[in-house]
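First the structure, in the form of structure tokens, and then the observations on it.
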Amino acid sequence: MCRHLAYLGPPVTLARLLFDPPFSLVRQSWAPRDMRGGGTINADGFGIGWYAGDGEPVRYRRAQPIWSDPTIAQLAAVTSAGAVLAAVRSATVGMAVVDNAAAPFAEGRWLFSHNGVIRGWPDSVVPLAAELPVRDLLTLDAATDSALLWALVRHRLRAGADAAEAVAATVRAVAAAAPGSRLNVLLTDGRTAVASVLGHALSLRETSDAVLLASEPHDDDPAWRSVPDGQLVTATAGRVRLRPLG
Ligand code: GLN
């Protein structure tokens, strides 16, 4: 399983968001507090996407433990952003460990991450994959369930679905085709963040001008609340809505 987070709010340094908290995402890469679904550490890669201005996000991802990369620690100390999506990865058994398999996956302003697994991969989702243009299948980021999940969400976004509908419809379709799948995803364009909760934990902390969605709380602030399974979260800085995935 992986750990991921999305932040929307006033600009903060990546260090303050990802490195400094007592149970930060970086710490979660070697000592997560909640590792349901197998695995013990998240050392098979990491990725950070952040919005430096009004344009497309900057992305940095590697197939190595985040703690072993001195460059990202230095970059994080001097880089601020008001929207961030980051993930540390524990590869599902049999899946590629390469830079391109680490979230966030990206297109234009979109950043996407998946915490979980598609059961029966890849046979279970062949019928869904067949709905994609062949070009999308040939250009998957990596031969992983998460990369295919991103291609399915992206296909809906390209067709004009809004972020919440693209995530909800994809999660519903994959859960139906591959029962027992764990499908916690994050999708953001830097203004709105959408999260699904299916099979793994998600916590959220909101203040009047910021929101943080994370696989697990990164400190003991009582303001964190746990999102129940089967929910879809739609958040902007200062406004959070929950509804059933359907
Ligand atoms: N199945 C995905 C992968 O292998 C995500 C793994 C996870 O959530 N640990 O990349």
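Numbering starts fresh at 1 for the residues of each chain in the structure tokens, the chains themselves are lettered A, B, ... in the order given, and ligands are numbered from 1 as they appear.
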message: Just want the 8 Å neighbourhood of A:Ala102, counted on only C-alpha atoms, with same-chain residues fewer than 4 positions away dropped. Output as a PyMOL selection string.
response: chain A and resi 45-47+61-63+87-89+98
Set out as a Markdown table a contact list for chain A and ligand 1 with a cut-off of 9 Å, giving each residue of chain A that qualifies its closest atom pair and distance in Å to one decimal, counting only C-alpha atoms and all ligand atoms, ordered by chain and rising residue number.
| residue | atom | partner | partner_atom_place_in_ligand_line | distance |
| --- | --- | --- | --- | --- |
| A:Met1 | CA | ligand 1 | 9 (N) | 2.4 |
| A:Cys2 | CA | ligand 1 | 9 (N) | 3.7 |
| A:Arg3 | CA | ligand 1 | 8 (O) | 7.0 |
| A:His4 | CA | ligand 1 | 8 (O) | 8.9 |
| A:Gly37 | CA | ligand 1 | 9 (N) | 8.2 |
| A:Gly38 | CA | ligand 1 | 9 (N) | 8.2 |
| A:Gly39 | CA | ligand 1 | 9 (N) | 7.5 |
| A:Asn42 | CA | ligand 1 | 9 (N) | 7.4 |
| A:Asp44 | CA | ligand 1 | 10 (O) | 8.6 |
| A:Val88 | CA | ligand 1 | 9 (N) | 8.4 |
| A:Arg89 | CA | ligand 1 | 9 (N) | 5.6 |
| A:Ser90 | CA | ligand 1 | 9 (N) | 4.2 |
| A:Ala91 | CA | ligand 1 | 4 (O) | 3.7 |
| A:Thr92 | CA | ligand 1 | 4 (O) | 3.8 |
| A:Val93 | CA | ligand 1 | 4 (O) | 7.1 |
| A:Gly94 | CA | ligand 1 | 4 (O) | 8.0 |
| A:Met95 | CA | ligand 1 | 4 (O) | 5.4 |
| A:Ala96 | CA | ligand 1 | 4 (O) | 7.4 |
| A:Val97 | CA | ligand 1 | 10 (O) | 8.1 |
| A:Ala101 | CA | ligand 1 | 10 (O) | 6.1 |
| A:Ala102 | CA | ligand 1 | 10 (O) | 6.6 |
| A:Ala103 | CA | ligand 1 | 10 (O) | 8.0 |
| A:Ser113 | CA | ligand 1 | 5 (C) | 8.6 |
| A:His114 | CA | ligand 1 | 5 (C) | 5.9 |
| A:Asn115 | CA | ligand 1 | 8 (O) | 3.4 |
| A:Gly116 | CA | ligand 1 | 8 (O) | 3.7 |
| A:Val117 | CA | ligand 1 | 1 (N) | 4.2 |
| A:Ile118 | CA | ligand 1 | 1 (N) | 6.8 |
| A:Thr144 | CA | ligand 1 | 4 (O) | 6.0 |
| A:Asp145 | CA | ligand 1 | 1 (N) | 5.5 |
| A:Ser146 | CA | ligand 1 | 2 (C) | 5.1 |
| A:Ala147 | CA | ligand 1 | 10 (O) | 7.8 |
| A:Arg182 | CA | ligand 1 | 8 (O) | 8.1 |
| A:Leu183 | CA | ligand 1 | 8 (O) | 8.5 |
| A:Asn184 | CA | ligand 1 | 8 (O) | 8.2 |
| A:His200 | CA | ligand 1 | 8 (O) | 8.9 |
- request: Just the residues within 10 Å of A:Ala193, please, counting only C-alpha atoms, with nothing from its chain fewer than 6 positions along; format it as number ranges by chain.
  value: A: 6-8, 83-85, 110-112, 163-164, 186-187, 211-213, 233-237, 240
Keeping only N, CA and C atoms, write the selected residues to a file as a PDB file, in the first residue's frame.
ATOM      1  N   ALA A   6      -2.945  15.341  -0.362  1.00  0.00           N
ATOM      2  CA  ALA A   6      -3.194  16.515  -1.203  1.00  0.00           C
ATOM      3  C   ALA A   6      -3.413  17.710  -0.286  1.00  0.00           C
ATOM      4  N   TYR A   7      -2.833  18.820  -0.685  1.00  0.00           N
ATOM      5  CA  TYR A   7      -2.967  20.049   0.103  1.00  0.00           C
ATOM      6  C   TYR A   7      -3.428  21.179  -0.799  1.00  0.00           C
ATOM      7  N   LEU A   8      -4.392  21.962  -0.317  1.00  0.00           N
ATOM      8  CA  LEU A   8      -4.817  23.199  -0.984  1.00  0.00           C
ATOM      9  C   LEU A   8      -4.904  24.271   0.098  1.00  0.00           C
ATOM     10  N   ALA A  83      -0.688  24.408  -3.616  1.00  0.00           N
ATOM     11  CA  ALA A  83      -1.388  23.184  -3.980  1.00  0.00           C
ATOM     12  C   ALA A  83      -0.337  22.116  -4.236  1.00  0.00           C
ATOM     13  N   VAL A  84      -0.500  20.968  -3.599  1.00  0.00           N
ATOM     14  CA  VAL A  84       0.507  19.895  -3.661  1.00  0.00           C
ATOM     15  C   VAL A  84      -0.197  18.548  -3.650  1.00  0.00           C
ATOM     16  N   LEU A  85       0.308  17.613  -4.455  1.00  0.00           N
ATOM     17  CA  LEU A  85      -0.113  16.212  -4.346  1.00  0.00           C
ATOM     18  C   LEU A  85       1.160  15.382  -4.255  1.00  0.00           C
ATOM     19  N   TRP A 110      -3.716  18.372 -14.341  1.00  0.00           N
ATOM     20  CA  TRP A 110      -4.163  17.275 -13.472  1.00  0.00           C
ATOM     21  C   TRP A 110      -3.009  16.520 -12.827  1.00  0.00           C
ATOM     22  N   LEU A 111      -3.189  16.182 -11.573  1.00  0.00           N
ATOM     23  CA  LEU A 111      -2.292  15.265 -10.865  1.00  0.00           C
ATOM     24  C   LEU A 111      -3.161  14.188 -10.227  1.00  0.00           C
ATOM     25  N   PHE A 112      -2.671  12.934 -10.255  1.00  0.00           N
ATOM     26  CA  PHE A 112      -3.471  11.797  -9.803  1.00  0.00           C
ATOM     27  C   PHE A 112      -2.615  10.813  -9.021  1.00  0.00           C
ATOM     28  N   ALA A 163     -14.157  16.508 -12.333  1.00  0.00           N
ATOM     29  CA  ALA A 163     -13.222  15.657 -11.590  1.00  0.00           C
ATOM     30  C   ALA A 163     -13.951  14.655 -10.705  1.00  0.00           C
ATOM     31  N   ALA A 164     -14.985  15.114  -9.992  1.00  0.00           N
ATOM     32  CA  ALA A 164     -15.702  14.224  -9.073  1.00  0.00           C
ATOM     33  C   ALA A 164     -16.373  13.090  -9.841  1.00  0.00           C
ATOM     34  N   LEU A 186      -6.583  10.147  -5.347  1.00  0.00           N
ATOM     35  CA  LEU A 186      -6.581  11.605  -5.213  1.00  0.00           C
ATOM     36  C   LEU A 186      -6.441  12.188  -6.608  1.00  0.00           C
ATOM     37  N   LEU A 187      -7.195  13.228  -6.895  1.00  0.00           N
ATOM     38  CA  LEU A 187      -7.100  13.924  -8.180  1.00  0.00           C
ATOM     39  C   LEU A 187      -7.227  15.412  -7.901  1.00  0.00           C
ATOM     40  N   VAL A 211      -7.092  22.952   3.187  1.00  0.00           N
ATOM     41  CA  VAL A 211      -7.545  21.576   3.416  1.00  0.00           C
ATOM     42  C   VAL A 211      -6.388  20.627   3.126  1.00  0.00           C
ATOM     43  N   LEU A 212      -6.326  19.586   3.935  1.00  0.00           N
ATOM     44  CA  LEU A 212      -5.313  18.553   3.774  1.00  0.00           C
ATOM     45  C   LEU A 212      -6.034  17.218   3.765  1.00  0.00           C
ATOM     46  N   LEU A 213      -5.812  16.425   2.738  1.00  0.00           N
ATOM     47  CA  LEU A 213      -6.352  15.072   2.644  1.00  0.00           C
ATOM     48  C   LEU A 213      -5.160  14.136   2.700  1.00  0.00           C
ATOM     49  N   VAL A 233     -14.831  12.574  -1.604  1.00  0.00           N
ATOM     50  CA  VAL A 233     -14.580  13.891  -1.021  1.00  0.00           C
ATOM     51  C   VAL A 233     -14.303  14.877  -2.153  1.00  0.00           C
ATOM     52  N   THR A 234     -14.941  16.032  -2.104  1.00  0.00           N
ATOM     53  CA  THR A 234     -14.620  17.122  -3.035  1.00  0.00           C
ATOM     54  C   THR A 234     -14.229  18.323  -2.182  1.00  0.00           C
ATOM     55  N   ALA A 235     -13.016  18.832  -2.392  1.00  0.00           N
ATOM     56  CA  ALA A 235     -12.520  19.888  -1.508  1.00  0.00           C
ATOM     57  C   ALA A 235     -11.899  21.033  -2.293  1.00  0.00           C
ATOM     58  N   THR A 236     -12.158  22.232  -1.807  1.00  0.00           N
ATOM     59  CA  THR A 236     -11.377  23.394  -2.209  1.00  0.00           C
ATOM     60  C   THR A 236     -10.832  23.962  -0.904  1.00  0.00           C
ATOM     61  N   ALA A 237      -9.883  24.898  -0.998  1.00  0.00           N
ATOM     62  CA  ALA A 237      -9.353  25.479   0.225  1.00  0.00           C
ATOM     63  C   ALA A 237     -10.507  26.167   0.942  1.00  0.00           C
ATOM     64  N   VAL A 240     -15.252  21.680   2.137  1.00  0.00           N
ATOM     65  CA  VAL A 240     -15.149  20.236   1.941  1.00  0.00           C
ATOM     66  C   VAL A 240     -16.550  19.630   1.893  1.00  0.00           C
TER      67      VAL A 240
END
message: Let's see if you can do this: from backbone DSSP, list all strand (DSSP E or B) residues in stretch 30-167 of chain A, as number ranges by chain.
response: A: 46-50, 58-62, 80-88, 105-107, 110-117
query: DSSP says helix (DSSP H, G or I) for which residues of stretch 53-176 of chain A? Put them as a VMD selection string?
result: chain A and resid 66 to 68 70 to 78 99 to 101 123 to 129 134 to 138 145 to 158 163 to 176
field: Contacts of stretch 124-127 of chain A within 10 Å, only C-alpha atoms, excl. fewer than 4 positions in-chain, as a list in words
entry: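 The residues that qualify are Ile118, Arg119, Gly120, Glu131, Leu132, Asp145, Leu148, Leu149, Ala173, Val174, Ala175, Ala176, Ala177, Ala178 and Pro179 of chain A.
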message: So the first atom is atom CA of A:Arg239 and the second is atom CA of A:Arg33; what is the distance between them in Å, to one decimal place?
response: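 Computed distance, atom CA of A:Arg239 to atom CA of A:Arg33, equals 27.4 Å.
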